[in-house]
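Novice: This is final12.cif, which holds mmCIF, C-alpha atoms:
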data_run
#
loop_
_atom_site.group_PDB
_atom_site.id
_atom_site.type_symbol
_atom_site.label_atom_id
_atom_site.label_comp_id
_atom_site.auth_asym_id
_atom_site.auth_seq_id
_atom_site.Cartn_x
_atom_site.Cartn_y
_atom_site.Cartn_z
ATOM 1 C CA MET F 1 6.224 -1.175 -18.767
ATOM 2 C CA ILE F 2 4.550 -0.137 -15.512
ATOM 3 C CA VAL F 3 6.822 0.253 -12.488
ATOM 4 C CA SER F 4 5.538 -0.465 -8.988
ATOM 5 C CA ALA F 5 7.252 1.303 -6.082
ATOM 6 C CA SER F 6 6.461 -0.622 -4.009
ATOM 7 C CA TYR F 7 4.100 -3.134 -2.491
ATOM 8 C CA ARG F 8 7.139 -4.622 -0.713
ATOM 9 C CA THR F 9 8.073 -1.461 1.172
ATOM 10 C CA ASP F 10 7.203 2.242 1.504
ATOM 11 C CA ILE F 11 9.578 3.942 -0.941
ATOM 12 C CA PRO F 12 7.856 7.372 -0.827
ATOM 13 C CA ALA F 13 8.079 7.533 2.967
ATOM 14 C CA PHE F 14 11.584 6.175 3.527
ATOM 15 C CA TYR F 15 13.567 5.827 0.304
ATOM 16 C CA THR F 16 12.896 9.018 -1.650
ATOM 17 C CA ASP F 17 16.579 9.869 -2.102
ATOM 18 C CA TRP F 18 17.401 6.353 -3.307
ATOM 19 C CA PHE F 19 14.551 6.494 -5.809
ATOM 20 C CA ARG F 20 15.684 9.887 -7.114
ATOM 21 C CA HIS F 21 19.209 8.556 -7.618
ATOM 22 C CA ARG F 22 17.871 5.549 -9.510
ATOM 23 C CA LEU F 23 15.583 7.709 -11.636
ATOM 24 C CA LYS F 24 18.517 9.916 -12.560
ATOM 25 C CA ALA F 25 20.645 6.864 -13.366
ATOM 26 C CA GLY F 26 17.839 5.448 -15.500
ATOM 27 C CA TYR F 27 17.662 2.014 -13.915
ATOM 28 C CA ALA F 28 17.447 0.046 -10.680
ATOM 29 C CA LEU F 29 18.595 -3.421 -9.754
ATOM 30 C CA VAL F 30 16.031 -5.601 -8.001
ATOM 31 C CA ARG F 31 16.910 -8.723 -6.079
ATOM 32 C CA ASN F 32 14.551 -11.658 -6.512
ATOM 33 C CA PRO F 33 13.170 -12.269 -2.999
ATOM 34 C CA TYR F 34 13.175 -16.031 -3.500
ATOM 35 C CA GLY F 35 16.212 -16.871 -5.631
ATOM 36 C CA GLY F 36 18.389 -13.856 -4.884
ATOM 37 C CA GLN F 37 19.184 -13.059 -8.524
ATOM 38 C CA LEU F 38 19.545 -9.412 -9.509
ATOM 39 C CA HIS F 39 17.407 -8.048 -12.336
ATOM 40 C CA ARG F 40 17.731 -4.685 -14.051
ATOM 41 C CA VAL F 41 14.616 -2.512 -14.328
ATOM 42 C CA ASP F 42 14.763 0.260 -16.913
ATOM 43 C CA LEU F 43 13.564 3.578 -15.412
ATOM 44 C CA ARG F 44 14.178 5.822 -18.413
ATOM 45 C CA ARG F 45 11.208 7.954 -19.429
ATOM 46 C CA GLU F 46 10.884 6.171 -22.774
ATOM 47 C CA ALA F 47 10.753 2.781 -21.044
ATOM 48 C CA VAL F 48 8.213 3.585 -18.320
ATOM 49 C CA ASP F 49 4.520 3.770 -19.225
ATOM 50 C CA GLY F 50 3.578 4.754 -15.695
ATOM 51 C CA PHE F 51 4.358 4.429 -12.006
ATOM 52 C CA VAL F 52 2.246 3.053 -9.184
ATOM 53 C CA PHE F 53 3.433 4.246 -5.783
ATOM 54 C CA TRP F 54 2.382 2.637 -2.498
ATOM 55 C CA THR F 55 2.644 4.632 0.710
ATOM 56 C CA ARG F 56 1.365 5.661 4.108
ATOM 57 C CA ASN F 57 3.229 8.972 4.008
ATOM 58 C CA ALA F 58 3.651 10.880 0.760
ATOM 59 C CA GLY F 59 5.108 13.970 2.419
ATOM 60 C CA PRO F 60 8.800 13.262 1.670
ATOM 61 C CA PHE F 61 7.901 12.361 -1.924
ATOM 62 C CA MET F 62 5.914 15.411 -3.033
ATOM 63 C CA ALA F 63 8.778 17.145 -4.851
ATOM 64 C CA THR F 64 9.651 13.898 -6.625
ATOM 65 C CA LEU F 65 6.053 13.516 -7.809
ATOM 66 C CA ASP F 66 6.222 17.054 -9.184
ATOM 67 C CA GLU F 67 9.288 16.105 -11.213
ATOM 68 C CA ILE F 68 7.691 12.917 -12.515
ATOM 69 C CA ALA F 69 4.562 14.807 -13.528
ATOM 70 C CA ALA F 70 6.652 17.506 -15.223
ATOM 71 C CA ALA F 71 8.411 14.805 -17.239
ATOM 72 C CA GLY F 72 5.033 13.633 -18.499
ATOM 73 C CA THR F 73 5.008 10.218 -16.833
ATOM 74 C CA PRO F 74 1.585 9.239 -15.463
ATOM 75 C CA PHE F 75 1.369 7.836 -11.959
ATOM 76 C CA THR F 76 -1.098 6.727 -9.324
ATOM 77 C CA VAL F 77 -0.656 6.634 -5.560
ATOM 78 C CA GLN F 78 -2.055 3.750 -3.512
ATOM 79 C CA PHE F 79 -2.382 5.517 -0.161
ATOM 80 C CA THR F 80 -3.128 3.481 2.968
ATOM 81 C CA ILE F 81 -5.019 5.088 5.850
ATOM 82 C CA THR F 82 -6.400 2.867 8.606
ATOM 83 C CA GLY F 83 -5.877 4.886 11.773
ATOM 84 C CA TYR F 84 -5.242 1.855 13.976
ATOM 85 C CA PRO F 85 -4.043 2.212 17.584
ATOM 86 C CA ARG F 86 -0.301 2.622 18.039
ATOM 87 C CA VAL F 87 0.090 -0.889 19.416
ATOM 88 C CA LEU F 88 -0.731 -2.114 15.885
ATOM 89 C CA GLU F 89 1.098 0.494 13.783
ATOM 90 C CA ASN F 90 3.475 2.433 15.955
ATOM 91 C CA SER F 91 5.103 4.902 13.572
ATOM 92 C CA VAL F 92 2.754 5.701 10.695
ATOM 93 C CA VAL F 93 1.773 9.331 10.257
ATOM 94 C CA ASP F 94 -1.268 10.644 12.084
ATOM 95 C CA THR F 95 -4.560 10.018 10.273
ATOM 96 C CA ASN F 96 -5.368 13.708 9.953
ATOM 97 C CA ARG F 97 -1.955 14.400 8.473
ATOM 98 C CA ALA F 98 -2.405 11.567 5.977
ATOM 99 C CA ILE F 99 -5.798 12.954 4.975
ATOM 100 C CA GLU F 100 -4.202 16.374 4.448
ATOM 101 C CA GLN F 101 -1.661 14.753 2.119
ATOM 102 C CA ILE F 102 -4.423 13.190 0.025
ATOM 103 C CA HIS F 103 -6.088 16.606 -0.145
ATOM 104 C CA ALA F 104 -2.818 18.003 -1.500
ATOM 105 C CA LEU F 105 -2.297 15.167 -3.994
ATOM 106 C CA ALA F 106 -5.855 15.362 -5.314
ATOM 107 C CA GLY F 107 -5.581 19.126 -5.637
ATOM 108 C CA LEU F 108 -2.374 18.865 -7.644
ATOM 109 C CA TYR F 109 -3.079 15.800 -9.775
ATOM 110 C CA GLY F 110 -6.830 15.179 -9.629
ATOM 111 C CA PRO F 111 -9.023 12.531 -7.968
ATOM 112 C CA ARG F 112 -7.965 9.756 -10.368
ATOM 113 C CA ALA F 113 -4.344 9.998 -9.216
ATOM 114 C CA VAL F 114 -4.973 8.698 -5.684
ATOM 115 C CA VAL F 115 -6.621 5.497 -4.442
ATOM 116 C CA TRP F 116 -7.391 5.123 -0.747
ATOM 117 C CA ARG F 117 -6.547 1.742 0.769
ATOM 118 C CA TYR F 118 -8.363 0.723 3.933
ATOM 119 C CA ASP F 119 -6.435 -2.458 4.365
ATOM 120 C CA PRO F 120 -5.742 -4.753 5.938
ATOM 121 C CA VAL F 121 -8.900 -4.981 8.003
ATOM 122 C CA LEU F 122 -7.758 -6.477 11.303
ATOM 123 C CA ILE F 123 -10.049 -7.523 14.145
ATOM 124 C CA THR F 124 -8.763 -7.041 17.686
ATOM 125 C CA ASP F 125 -10.385 -6.157 20.981
ATOM 126 C CA GLN F 126 -9.341 -2.559 20.199
ATOM 127 C CA THR F 127 -10.547 -2.636 16.572
ATOM 128 C CA ASN F 128 -13.811 -4.570 16.585
ATOM 129 C CA LYS F 129 -16.515 -4.240 13.908
ATOM 130 C CA GLU F 130 -18.072 -1.195 15.596
ATOM 131 C CA TRP F 131 -14.671 0.517 15.731
ATOM 132 C CA HIS F 132 -14.107 -0.159 12.033
ATOM 133 C CA THR F 133 -17.537 1.188 11.133
ATOM 134 C CA GLU F 134 -16.970 4.437 13.024
ATOM 135 C CA GLN F 135 -13.364 4.886 11.890
ATOM 136 C CA PHE F 136 -14.122 4.179 8.260
ATOM 137 C CA GLU F 137 -17.090 6.563 8.265
ATOM 138 C CA ARG F 138 -14.925 9.324 9.744
ATOM 139 C CA VAL F 139 -12.165 9.023 7.148
ATOM 140 C CA ALA F 140 -14.525 8.395 4.221
ATOM 141 C CA SER F 141 -16.452 11.573 4.985
ATOM 142 C CA GLN F 142 -13.213 13.573 4.750
ATOM 143 C CA LEU F 143 -12.039 11.930 1.518
ATOM 144 C CA SER F 144 -15.355 12.156 -0.332
ATOM 145 C CA GLY F 145 -14.794 13.996 -3.613
ATOM 146 C CA LEU F 146 -11.008 13.713 -3.347
ATOM 147 C CA VAL F 147 -10.688 10.063 -4.373
ATOM 148 C CA ASP F 148 -13.076 7.826 -6.284
ATOM 149 C CA GLU F 149 -12.114 4.359 -5.001
ATOM 150 C CA VAL F 150 -11.361 2.638 -1.729
ATOM 151 C CA VAL F 151 -9.635 -0.758 -1.640
ATOM 152 C CA PHE F 152 -10.355 -3.261 1.123
ATOM 153 C CA SER F 153 -8.797 -6.539 2.123
ATOM 154 C CA PHE F 154 -8.877 -8.586 5.293
ATOM 155 C CA ALA F 155 -5.524 -9.284 6.890
ATOM 156 C CA HIS F 156 -3.740 -12.323 5.470
ATOM 157 C CA ILE F 157 -2.455 -14.235 8.487
ATOM 158 C CA TYR F 158 0.819 -15.618 7.223
ATOM 159 C CA ARG F 159 3.182 -17.364 9.631
ATOM 160 C CA LYS F 160 5.327 -14.249 10.090
ATOM 161 C CA SER F 161 2.198 -12.105 10.545
ATOM 162 C CA ARG F 162 0.899 -14.449 13.217
ATOM 163 C CA THR F 163 4.259 -14.410 15.005
ATOM 164 C CA ASN F 164 4.454 -10.620 15.015
ATOM 165 C CA LEU F 165 0.820 -10.227 16.065
ATOM 166 C CA ASP F 166 1.202 -12.714 18.904
ATOM 167 C CA ARG F 167 4.381 -11.010 20.093
ATOM 168 C CA ALA F 168 2.740 -7.561 20.047
ATOM 169 C CA ALA F 169 -0.425 -8.857 21.711
ATOM 170 C CA GLN F 170 1.573 -10.329 24.577
ATOM 171 C CA LYS F 171 3.652 -7.167 24.966
ATOM 172 C CA HIS F 172 0.778 -4.671 24.817
ATOM 173 C CA GLY F 173 -2.030 -6.731 26.291
ATOM 174 C CA PHE F 174 -4.544 -6.997 23.470
ATOM 175 C CA GLU F 175 -6.251 -9.887 21.725
ATOM 176 C CA TRP F 176 -6.696 -10.436 18.004
ATOM 177 C CA ARG F 177 -8.582 -12.982 15.936
ATOM 178 C CA ASP F 178 -9.114 -14.040 12.351
ATOM 179 C CA PRO F 179 -12.910 -14.033 11.824
ATOM 180 C CA ASN F 180 -14.726 -16.597 9.702
ATOM 181 C CA ASP F 181 -15.762 -15.709 6.168
ATOM 182 C CA GLU F 182 -19.347 -14.931 7.134
ATOM 183 C CA GLN F 183 -18.200 -12.383 9.694
ATOM 184 C CA LYS F 184 -15.721 -10.885 7.242
ATOM 185 C CA THR F 185 -18.277 -10.450 4.452
ATOM 186 C CA ALA F 186 -20.789 -8.925 6.866
ATOM 187 C CA LEU F 187 -18.302 -6.236 7.889
ATOM 188 C CA LEU F 188 -17.091 -5.678 4.326
ATOM 189 C CA THR F 189 -20.689 -5.177 3.147
ATOM 190 C CA ARG F 190 -21.231 -2.657 5.914
ATOM 191 C CA LEU F 191 -18.083 -0.712 5.018
ATOM 192 C CA ALA F 192 -18.808 -0.885 1.283
ATOM 193 C CA ASP F 193 -22.255 0.624 1.824
ATOM 194 C CA ILE F 194 -20.685 3.500 3.757
ATOM 195 C CA ALA F 195 -18.185 3.993 0.924
ATOM 196 C CA ARG F 196 -20.925 4.235 -1.671
ATOM 197 C CA GLY F 197 -22.694 6.793 0.484
ATOM 198 C CA HIS F 198 -19.599 8.972 0.118
ATOM 199 C CA LYS F 199 -19.333 8.385 -3.651
ATOM 200 C CA LEU F 200 -16.397 5.996 -3.288
ATOM 201 C CA ARG F 201 -16.275 2.803 -5.366
ATOM 202 C CA PRO F 202 -15.571 -0.078 -2.948
ATOM 203 C CA THR F 203 -13.209 -2.753 -4.278
ATOM 204 C CA LEU F 204 -11.664 -5.854 -2.766
ATOM 205 C CA CYS F 205 -8.025 -6.850 -3.271
ATOM 206 C CA ALA F 206 -7.404 -10.476 -4.307
ATOM 207 C CA GLN F 207 -9.903 -12.138 -1.972
ATOM 208 C CA SER F 208 -12.486 -13.560 -4.348
ATOM 209 C CA GLY F 209 -13.966 -15.774 -1.615
ATOM 210 C CA LEU F 210 -15.081 -12.629 0.246
ATOM 211 C CA LEU F 211 -16.449 -10.797 -2.795
ATOM 212 C CA VAL F 212 -20.010 -9.674 -2.040
ATOM 213 C CA SER F 213 -22.148 -6.895 -3.489
ATOM 214 C CA PRO F 214 -21.515 -3.965 -3.764
ATOM 215 C CA LEU F 215 -17.791 -4.817 -3.794
ATOM 216 C CA THR F 216 -16.008 -5.388 -7.104
ATOM 217 C CA PRO F 217 -12.506 -6.822 -7.663
ATOM 218 C CA ALA F 218 -9.660 -4.349 -7.191
ATOM 219 C CA ARG F 219 -7.007 -3.729 -9.821
ATOM 220 C CA CYS F 220 -4.285 -1.994 -7.833
ATOM 221 C CA ILE F 221 -1.939 -1.820 -10.837
ATOM 222 C CA ASP F 222 -4.727 -0.307 -12.893
ATOM 223 C CA VAL F 223 -3.891 0.259 -16.544
ATOM 224 C CA GLU F 224 -7.264 1.915 -17.184
ATOM 225 C CA ARG F 225 -6.680 4.471 -14.445
ATOM 226 C CA LEU F 226 -3.144 5.165 -15.689
ATOM 227 C CA SER F 227 -4.487 5.563 -19.233
ATOM 228 C CA ASP F 228 -7.046 8.121 -18.011
ATOM 229 C CA ILE F 229 -4.303 10.101 -16.301
ATOM 230 C CA ALA F 230 -1.997 9.856 -19.314
ATOM 231 C CA GLY F 231 -4.762 10.931 -21.686
ATOM 232 C CA GLN F 232 -3.894 8.072 -24.000
ATOM 233 C CA PRO F 233 -4.157 4.277 -23.921
ATOM 234 C CA ILE F 234 -1.491 2.302 -22.090
ATOM 235 C CA SER F 235 -1.147 -1.334 -22.995
ATOM 236 C CA ALA F 236 -0.421 -3.981 -20.367
ATOM 237 C CA LYS F 237 -1.737 -7.477 -19.896
ATOM 238 C CA THR F 238 -3.336 -8.696 -16.691
ATOM 239 C CA LYS F 239 -0.758 -10.606 -14.674
ATOM 240 C CA GLY F 240 -1.582 -10.823 -10.994
ATOM 241 C CA ASN F 241 1.076 -11.862 -8.494
ATOM 242 C CA ARG F 242 -1.204 -14.178 -6.487
ATOM 243 C CA GLU F 243 -4.523 -15.961 -6.815
ATOM 244 C CA GLY F 244 -7.384 -13.555 -7.426
ATOM 245 C CA CYS F 245 -5.077 -10.629 -8.254
ATOM 246 C CA LEU F 246 -6.202 -8.717 -11.353
ATOM 247 C CA CYS F 247 -3.317 -6.256 -11.528
ATOM 248 C CA ALA F 248 -1.702 -5.331 -14.818
ATOM 249 C CA GLU F 249 1.812 -6.584 -15.440
ATOM 250 C CA SER F 250 4.445 -4.465 -13.697
ATOM 251 C CA ARG F 251 7.966 -4.544 -12.304
ATOM 252 C CA ASP F 252 8.345 -3.860 -8.592
ATOM 253 C CA ILE F 253 11.585 -2.205 -7.498
ATOM 254 C CA GLY F 254 11.232 -2.565 -3.732
ATOM 255 C CA ALA F 255 12.480 -5.148 -1.244
ATOM 256 C CA TYR F 256 10.917 -7.047 1.618
ATOM 257 C CA ASP F 257 12.024 -6.478 5.227
ATOM 258 C CA THR F 258 12.882 -2.818 4.637
ATOM 259 C CA CYS F 259 9.825 -0.863 5.855
ATOM 260 C CA PRO F 260 10.305 0.526 9.386
ATOM 261 C CA HIS F 261 6.693 1.656 9.895
ATOM 262 C CA GLY F 262 6.359 -1.125 12.462
ATOM 263 C CA CYS F 263 2.882 -2.408 11.538
ATOM 264 C CA VAL F 264 2.592 -5.679 13.431
ATOM 265 C CA TYR F 265 0.282 -7.289 10.834
ATOM 266 C CA CYS F 266 2.529 -6.578 7.835
ATOM 267 C CA TYR F 267 3.044 -9.416 5.337
ATOM 268 C CA ALA F 268 6.251 -7.835 3.999
ATOM 269 C CA VAL F 269 8.304 -7.784 7.208
ATOM 270 C CA ARG F 270 9.603 -10.773 9.150
ATOM 271 C CA THR F 271 10.438 -8.712 12.236
ATOM 272 C CA PRO F 272 10.265 -4.966 12.884
ATOM 273 C CA ASP F 273 13.866 -4.954 14.153
ATOM 274 C CA LEU F 274 15.142 -6.442 10.893
ATOM 275 C CA ALA F 275 13.308 -3.814 8.843
ATOM 276 C CA LYS F 276 14.695 -0.997 11.007
ATOM 277 C CA SER F 277 18.209 -2.400 10.712
ATOM 278 C CA ARG F 278 18.018 -2.623 6.928
ATOM 279 C CA TYR F 279 16.607 0.872 6.692
ATOM 280 C CA LYS F 280 19.416 2.324 8.809
ATOM 281 C CA SER F 281 22.130 0.495 6.875
ATOM 282 C CA HIS F 282 20.919 1.069 3.325
ATOM 283 C CA ASP F 283 23.040 3.209 1.010
ATOM 284 C CA LEU F 284 21.036 5.648 -1.080
ATOM 285 C CA LYS F 285 23.652 5.365 -3.838
ATOM 286 C CA ASP F 286 23.308 1.587 -4.181
ATOM 287 C CA GLU F 287 21.851 0.285 -7.431
ATOM 288 C CA SER F 288 19.394 -1.887 -5.475
ATOM 289 C CA LEU F 289 17.401 -1.084 -2.360
ATOM 290 C CA VAL F 290 19.016 -4.000 -0.520
ATOM 291 C CA ALA F 291 22.645 -4.801 -1.339
#
Represent the structure of the file as structure tokens.
Specialist:
Amino acid sequence: MIVSASYRTDIPAFYTDWFRHRLKAGYALVRNPYGGQLHRVDLRREAVDGFVFWTRNAGPFMATLDEIAAAGTPFTVQFTITGYPRVLENSVVDTNRAIEQIHALAGLYGPRAVVWRYDPVLITDQTNKEWHTEQFERVASQLSGLVDEVVFSFAHIYRKSRTNLDRAAQKHGFEWRDPNDEQKTALLTRLADIARGHKLRPTLCAQSGLLVSPLTPARCIDVERLSDIAGQPISAKTKGNREGCLCAESRDIGAYDTCPHGCVYCYAVRTPDLAKSRYKSHDLKDESLVA
């Protein structure tokens, strides 16, 4: 079994102590976000084929990764760096600091252990196509040779995302828009070409309608990558969690509405205040991230 921690929240940045407690206990309880039922996820070494961690700040988690590696459990880190203005993501770590963390991770665990995520791509009057081209080039040039893949996706404008974006736009005085598919593919092609110039394989996450050369479909829960890191084959069937998703089957141990990064486009948070409240009130000794 592959364990995902977590596409619903940033466990490495905010819930390191909780994760360590659950790892020591050998299990975590996960609440179904739709039905509310609790499910037990086995975290014992013999039950876990590998971990996939999702983060924007691996700093608090470095010692934990050392312990996981020492135990012989393979892992990958899906590391998001976008570098958007603070009105869009008001509390993520500075881009240069995030790049330094990827340098450290690649140095310790090799270039296959880390995947850079440049997603979601969001178009605003502060982050137009020229801004994205320049920003992506700057970060890609510093990550060349440290990672071998970059994952793109355009922002999914769910109802809660639209509400949060509109609220932030009114408060901070910016405009945002959801481009048409032709405009999206034009920018993605431009960014993918830059990626290839820096020896990064450009992939696209679960947006088959925007898939244009040289992009290929992303597999964020990537059993082949985990097998390479483990030095032996890991078996897991493809079981995406939405249309176009090619991820291997996994169990996610996170919870929605718990990430206090404050990214106004986030699909996993209804309101920033709710996420901050849940973060402040969580008990690191609880069996589940959200009681």
Novice: Where does the PyMOL selection byres ((chain F and resi 52) around 8) land in this file, that is, which residues does it pick, as a VMD selection string?
Specialist: chain F and resid 2 to 6 50 to 51 53 to 54 75 to 78 221
Novice: Let me see the file: selected residues, C-alpha atoms, as a PDB file, in the coordinates of the input.
Specialist:
ATOM      1  CA  ILE F   2       4.550  -0.137 -15.512  1.00  0.00           C
ATOM      2  CA  VAL F   3       6.822   0.253 -12.488  1.00  0.00           C
ATOM      3  CA  SER F   4       5.538  -0.465  -8.988  1.00  0.00           C
ATOM      4  CA  ALA F   5       7.252   1.303  -6.082  1.00  0.00           C
ATOM      5  CA  SER F   6       6.461  -0.622  -4.009  1.00  0.00           C
ATOM      6  CA  GLY F  50       3.578   4.754 -15.695  1.00  0.00           C
ATOM      7  CA  PHE F  51       4.358   4.429 -12.006  1.00  0.00           C
ATOM      8  CA  PHE F  53       3.433   4.246  -5.783  1.00  0.00           C
ATOM      9  CA  TRP F  54       2.382   2.637  -2.498  1.00  0.00           C
ATOM     10  CA  PHE F  75       1.369   7.836 -11.959  1.00  0.00           C
ATOM     11  CA  THR F  76      -1.098   6.727  -9.324  1.00  0.00           C
ATOM     12  CA  VAL F  77      -0.656   6.634  -5.560  1.00  0.00           C
ATOM     13  CA  GLN F  78      -2.055   3.750  -3.512  1.00  0.00           C
ATOM     14  CA  ILE F 221      -1.939  -1.820 -10.837  1.00  0.00           C
TER      15      ILE F 221
END
Novice: Which residue, F:Glu100, F:Asp10, F:Asp148, F:Asp94, has the smallest gap to Phe61 of chain F when you use only C-alpha atoms?
Specialist: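 Closest to Phe61 of chain F of all the choices is F:Asp10.
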Novice: If the PyMOL selection byres ((chain F and resi 232) around 12) were run on this exact file, what residues would it hold? Put them as a list in words.
Specialist: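 The output of the PyMOL selection byres ((chain F and resi 232) around 12) on this file is Asp49, Gly50, Gly72, Thr73, Pro74, Val223, Glu224, Arg225, Leu226, Ser227, Asp228, Ile229, Ala230, Gly231, Pro233, Ile234 and Ser235 of chain F.
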Novice: Name the closest residue to Thr95 of chain F among the candidates F:Ala291, F:Val139, F:Ala275, F:Val114; distances are taken between atoms, counting only C-alpha atoms.
Specialist: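 Using only C-alpha atoms, Thr95 of chain F sits closest to F:Val139.
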Novice: For atom CA of Asp273 of chain F and atom CA of Asn90 of chain F, quote the distance in Å rounded to one decimal.
Specialist: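 Spanning atom CA of Asp273 of chain F to atom CA of Asn90 of chain F is a straight-line distance of 12.9 Å.
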Novice: Please, what distance in Å, to one decimal, runs between atom CA of Leu23 of chain F and atom CA of Arg56 of chain F?
Specialist: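 The value is 21.3 Å.
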Novice: Given all atoms listed in the file as the basis, pick out the residue of F:Val30, F:Lys184, F:Lys237, F:Asp252 nearest to Lys129 of chain F.
Specialist: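 Among the listed residues, F:Lys184 lies closest to Lys129 of chain F.
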